[in-house]
Amino acid sequence: MGEINTPVSDAAARQLGVLELAYLGDTVCDLYVRERLVKRGYSVHEMHRRATALVNAQAQAEALERIRPLLTEEEAALVRRGKNAKAHHAAPPGVAHSVYGHSTAFETLLGSLYLTGRFDRLTELLQAAMEDLL
């Protein structure tokens with residue numbers, strides 16, 4: 001079993017599908033939000049309420065739009081791949097397909113940055129995405 005936060009090469013990350021990166025990226029986003037909420041001293045109920053409001057398809061699609069101007073060409077290309085990924089499941093009830101695609105794109109970017117050890121860039125983009133929300 002690998003260690004936590006052991007980066008892989010760009011080549012190894014490219015070998016993974018965008019849905020695998022998105023799977024990891026969703027957890028990265030959730031952890032980022034939950035860690036900040038814990039540090040604010042909210043009750044468990046309030047942390048859960050705030051986390052579910054920030055870690056969902058609609059909120060993640062909006063987060064992507066906030067950081068889109070900050071993306072490098074390589075990051076933007078990865079986002080496009082994530083947006084166009086064909087999930088083997090339907091979008092959650094009440095979530096438009098386009099919103100779900102943008103959410104998946106955001107998660108794909110986060111998963112890639114995390115997996116390749118670009119933690120400073122990951123933090124920079126998450127701070128910009130969540131600015132004034134946490």
# chains A, B, ... in the order shown; residues from 1 in each chain; ligands from 1

$ select_by_dssp --residues "chain A" --states "helix (DSSP H, G or I)" --output "ChimeraX atom specification"
/A:10-15,18-40,44-54,57-70,73-83,97-115,119-130

$ residues_around --residues "stretch 108-124 of chain A" --least-positions-apart "6" --cutoff "6 Å" --atoms "only C-alpha atoms" --output "PyMOL selection string"
chain A and resi 7-9+18+21-22+24-25+82

$ write_last_selection --atoms "N, CA and C atoms" --output "tab-separated table (two decimals), in the first residue's frame"
chain	number	residue	atom	x	y	z
A	7	PRO	N	3.24	11.51	-4.52
A	7	PRO	CA	2.89	11.89	-5.89
A	7	PRO	C	3.29	10.84	-6.92
A	8	VAL	N	2.55	10.82	-8.01
A	8	VAL	CA	2.89	9.99	-9.15
A	8	VAL	C	3.34	10.91	-10.28
A	9	SER	N	3.97	10.35	-11.27
A	9	SER	CA	4.42	11.15	-12.41
A	9	SER	C	3.23	11.62	-13.24
A	18	VAL	N	-10.24	10.01	-16.76
A	18	VAL	CA	-10.70	11.22	-16.09
A	18	VAL	C	-11.70	10.90	-14.99
A	21	LEU	N	-9.75	10.16	-11.90
A	21	LEU	CA	-9.24	11.42	-11.33
A	21	LEU	C	-10.37	12.19	-10.65
A	22	ALA	N	-11.54	12.21	-11.27
A	22	ALA	CA	-12.69	12.91	-10.68
A	22	ALA	C	-13.12	12.25	-9.36
A	24	LEU	N	-11.23	10.77	-7.22
A	24	LEU	CA	-10.28	11.24	-6.21
A	24	LEU	C	-10.51	12.73	-5.92
A	25	GLY	N	-10.72	13.52	-6.97
A	25	GLY	CA	-10.90	14.96	-6.81
A	25	GLY	C	-12.10	15.33	-5.97
A	82	GLY	N	-12.36	16.30	-18.72
A	82	GLY	CA	-13.26	15.92	-17.62
A	82	GLY	C	-14.71	16.25	-17.93

$ atom_distance --atom1 "atom CA of A:Arg14" --atom2 "atom CA of A:Leu70"
21.5 Å

$ residues_around --residues "A:Met47" --least-positions-apart "2" --cutoff "10 Å" --atoms "only C-alpha atoms" --output "list in words"
Val33, Arg34, Glu35, Arg36, Leu37, Val38, Arg40, Gly41, Tyr42, Ser43, Val44, His45, Arg49, Arg50, Ala51, Thr52 and Ala53 of chain A

$ closest_residue --among "A:Leu133, A:Val28, A:Asn56, A:Leu19" --to "A:Lys83" --atoms "only C-alpha atoms"
A:Leu19

$ closest_residue --among "A:Leu71, A:Glu46, A:Thr27, A:Gln58" --to "A:Ser103" --atoms "only C-alpha atoms"
A:Gln58

$ atom_distance --atom1 "atom CA of A:Pro92" --atom2 "atom CA of A:Glu74"
28.8 Å

$ decode --residues "stretch 23-126 of chain A" --atoms "C-alpha atoms" --output "PDB file, in the first residue's frame"
ATOM      1  CA  TYR A  23     -13.407  10.206  -8.100  1.00  0.00           C
ATOM      2  CA  LEU A  24     -10.285  11.238  -6.210  1.00  0.00           C
ATOM      3  CA  GLY A  25     -10.900  14.959  -6.811  1.00  0.00           C
ATOM      4  CA  ASP A  26     -14.338  14.821  -5.232  1.00  0.00           C
ATOM      5  CA  THR A  27     -12.765  13.538  -2.030  1.00  0.00           C
ATOM      6  CA  VAL A  28     -10.008  16.163  -2.195  1.00  0.00           C
ATOM      7  CA  CYS A  29     -12.652  18.896  -2.434  1.00  0.00           C
ATOM      8  CA  ASP A  30     -14.644  17.376   0.429  1.00  0.00           C
ATOM      9  CA  LEU A  31     -11.568  17.114   2.639  1.00  0.00           C
ATOM     10  CA  TYR A  32     -10.556  20.720   1.889  1.00  0.00           C
ATOM     11  CA  VAL A  33     -14.017  22.003   2.828  1.00  0.00           C
ATOM     12  CA  ARG A  34     -14.409  19.821   5.916  1.00  0.00           C
ATOM     13  CA  GLU A  35     -10.956  20.682   7.254  1.00  0.00           C
ATOM     14  CA  ARG A  36     -11.710  24.385   7.059  1.00  0.00           C
ATOM     15  CA  LEU A  37     -15.103  23.944   8.676  1.00  0.00           C
ATOM     16  CA  VAL A  38     -13.619  21.968  11.583  1.00  0.00           C
ATOM     17  CA  LYS A  39     -11.051  24.712  12.148  1.00  0.00           C
ATOM     18  CA  ARG A  40     -13.864  27.275  12.380  1.00  0.00           C
ATOM     19  CA  GLY A  41     -15.377  25.486  15.367  1.00  0.00           C
ATOM     20  CA  TYR A  42     -18.880  24.897  14.017  1.00  0.00           C
ATOM     21  CA  SER A  43     -21.136  22.256  15.521  1.00  0.00           C
ATOM     22  CA  VAL A  44     -21.167  18.919  13.695  1.00  0.00           C
ATOM     23  CA  HIS A  45     -24.665  19.659  12.401  1.00  0.00           C
ATOM     24  CA  GLU A  46     -23.596  23.049  11.045  1.00  0.00           C
ATOM     25  CA  MET A  47     -20.436  21.586   9.481  1.00  0.00           C
ATOM     26  CA  HIS A  48     -22.509  18.935   7.714  1.00  0.00           C
ATOM     27  CA  ARG A  49     -25.018  21.517   6.488  1.00  0.00           C
ATOM     28  CA  ARG A  50     -22.292  23.787   5.121  1.00  0.00           C
ATOM     29  CA  ALA A  51     -20.259  20.937   3.614  1.00  0.00           C
ATOM     30  CA  THR A  52     -23.218  19.519   1.715  1.00  0.00           C
ATOM     31  CA  ALA A  53     -23.957  22.989   0.363  1.00  0.00           C
ATOM     32  CA  LEU A  54     -20.384  23.320  -0.967  1.00  0.00           C
ATOM     33  CA  VAL A  55     -19.574  19.789  -2.095  1.00  0.00           C
ATOM     34  CA  ASN A  56     -22.251  18.964  -4.635  1.00  0.00           C
ATOM     35  CA  ALA A  57     -22.503  19.084  -8.409  1.00  0.00           C
ATOM     36  CA  GLN A  58     -23.986  22.584  -8.634  1.00  0.00           C
ATOM     37  CA  ALA A  59     -21.500  24.129  -6.196  1.00  0.00           C
ATOM     38  CA  GLN A  60     -18.544  22.409  -7.872  1.00  0.00           C
ATOM     39  CA  ALA A  61     -19.679  23.569 -11.324  1.00  0.00           C
ATOM     40  CA  GLU A  62     -19.852  27.131  -9.969  1.00  0.00           C
ATOM     41  CA  ALA A  63     -16.420  26.717  -8.370  1.00  0.00           C
ATOM     42  CA  LEU A  64     -14.996  25.742 -11.763  1.00  0.00           C
ATOM     43  CA  GLU A  65     -16.371  28.926 -13.304  1.00  0.00           C
ATOM     44  CA  ARG A  66     -14.710  31.015 -10.577  1.00  0.00           C
ATOM     45  CA  ILE A  67     -11.272  29.532 -11.282  1.00  0.00           C
ATOM     46  CA  ARG A  68     -11.515  29.120 -15.054  1.00  0.00           C
ATOM     47  CA  PRO A  69      -9.627  32.405 -15.770  1.00  0.00           C
ATOM     48  CA  LEU A  70      -6.742  31.189 -13.581  1.00  0.00           C
ATOM     49  CA  LEU A  71      -6.161  27.899 -15.402  1.00  0.00           C
ATOM     50  CA  THR A  72      -3.070  27.149 -17.430  1.00  0.00           C
ATOM     51  CA  GLU A  73      -3.494  25.712 -20.931  1.00  0.00           C
ATOM     52  CA  GLU A  74      -2.662  22.238 -19.587  1.00  0.00           C
ATOM     53  CA  GLU A  75      -5.228  22.565 -16.787  1.00  0.00           C
ATOM     54  CA  ALA A  76      -7.874  23.879 -19.188  1.00  0.00           C
ATOM     55  CA  ALA A  77      -7.274  20.899 -21.483  1.00  0.00           C
ATOM     56  CA  LEU A  78      -7.734  18.534 -18.546  1.00  0.00           C
ATOM     57  CA  VAL A  79     -10.942  20.335 -17.590  1.00  0.00           C
ATOM     58  CA  ARG A  80     -12.258  19.894 -21.147  1.00  0.00           C
ATOM     59  CA  ARG A  81     -11.480  16.163 -20.963  1.00  0.00           C
ATOM     60  CA  GLY A  82     -13.260  15.923 -17.623  1.00  0.00           C
ATOM     61  CA  LYS A  83     -16.306  17.797 -18.899  1.00  0.00           C
ATOM     62  CA  ASN A  84     -16.633  15.445 -21.846  1.00  0.00           C
ATOM     63  CA  ALA A  85     -16.166  12.241 -19.829  1.00  0.00           C
ATOM     64  CA  LYS A  86     -18.861   9.672 -20.285  1.00  0.00           C
ATOM     65  CA  ALA A  87     -19.877   8.436 -16.859  1.00  0.00           C
ATOM     66  CA  HIS A  88     -21.390   4.982 -16.656  1.00  0.00           C
ATOM     67  CA  HIS A  89     -24.160   6.352 -14.488  1.00  0.00           C
ATOM     68  CA  ALA A  90     -26.717   9.119 -14.766  1.00  0.00           C
ATOM     69  CA  ALA A  91     -26.382  12.518 -13.160  1.00  0.00           C
ATOM     70  CA  PRO A  92     -27.972  12.697  -9.713  1.00  0.00           C
ATOM     71  CA  PRO A  93     -31.698  13.497  -9.708  1.00  0.00           C
ATOM     72  CA  GLY A  94     -32.366  17.186 -10.220  1.00  0.00           C
ATOM     73  CA  VAL A  95     -28.903  17.920 -11.668  1.00  0.00           C
ATOM     74  CA  ALA A  96     -28.655  18.952 -15.309  1.00  0.00           C
ATOM     75  CA  HIS A  97     -26.271  16.926 -17.457  1.00  0.00           C
ATOM     76  CA  SER A  98     -24.245  20.068 -18.267  1.00  0.00           C
ATOM     77  CA  VAL A  99     -23.879  20.950 -14.576  1.00  0.00           C
ATOM     78  CA  TYR A 100     -22.763  17.403 -13.806  1.00  0.00           C
ATOM     79  CA  GLY A 101     -20.186  17.606 -16.606  1.00  0.00           C
ATOM     80  CA  HIS A 102     -18.727  20.817 -15.209  1.00  0.00           C
ATOM     81  CA  SER A 103     -18.640  19.317 -11.730  1.00  0.00           C
ATOM     82  CA  THR A 104     -16.806  16.271 -13.060  1.00  0.00           C
ATOM     83  CA  ALA A 105     -14.354  18.582 -14.847  1.00  0.00           C
ATOM     84  CA  PHE A 106     -13.611  20.427 -11.581  1.00  0.00           C
ATOM     85  CA  GLU A 107     -13.115  17.149  -9.730  1.00  0.00           C
ATOM     86  CA  THR A 108     -10.848  15.833 -12.510  1.00  0.00           C
ATOM     87  CA  LEU A 109      -8.580  18.862 -12.173  1.00  0.00           C
ATOM     88  CA  LEU A 110      -8.402  18.530  -8.389  1.00  0.00           C
ATOM     89  CA  GLY A 111      -7.688  14.806  -8.587  1.00  0.00           C
ATOM     90  CA  SER A 112      -4.884  15.327 -11.092  1.00  0.00           C
ATOM     91  CA  LEU A 113      -3.239  18.104  -9.090  1.00  0.00           C
ATOM     92  CA  TYR A 114      -3.432  16.027  -5.920  1.00  0.00           C
ATOM     93  CA  LEU A 115      -2.169  12.837  -7.487  1.00  0.00           C
ATOM     94  CA  THR A 116       0.817  14.527  -9.140  1.00  0.00           C
ATOM     95  CA  GLY A 117       1.799  16.341  -5.949  1.00  0.00           C
ATOM     96  CA  ARG A 118       1.019  19.873  -7.099  1.00  0.00           C
ATOM     97  CA  PHE A 119      -0.257  20.746  -3.645  1.00  0.00           C
ATOM     98  CA  ASP A 120       0.563  24.469  -3.801  1.00  0.00           C
ATOM     99  CA  ARG A 121      -1.374  24.840  -7.046  1.00  0.00           C
ATOM    100  CA  LEU A 122      -4.200  22.701  -5.699  1.00  0.00           C
ATOM    101  CA  THR A 123      -4.476  24.902  -2.616  1.00  0.00           C
ATOM    102  CA  GLU A 124      -4.296  28.086  -4.709  1.00  0.00           C
ATOM    103  CA  LEU A 125      -7.174  26.971  -6.932  1.00  0.00           C
ATOM    104  CA  LEU A 126      -9.293  25.657  -4.067  1.00  0.00           C
TER     105      LEU A 126
END
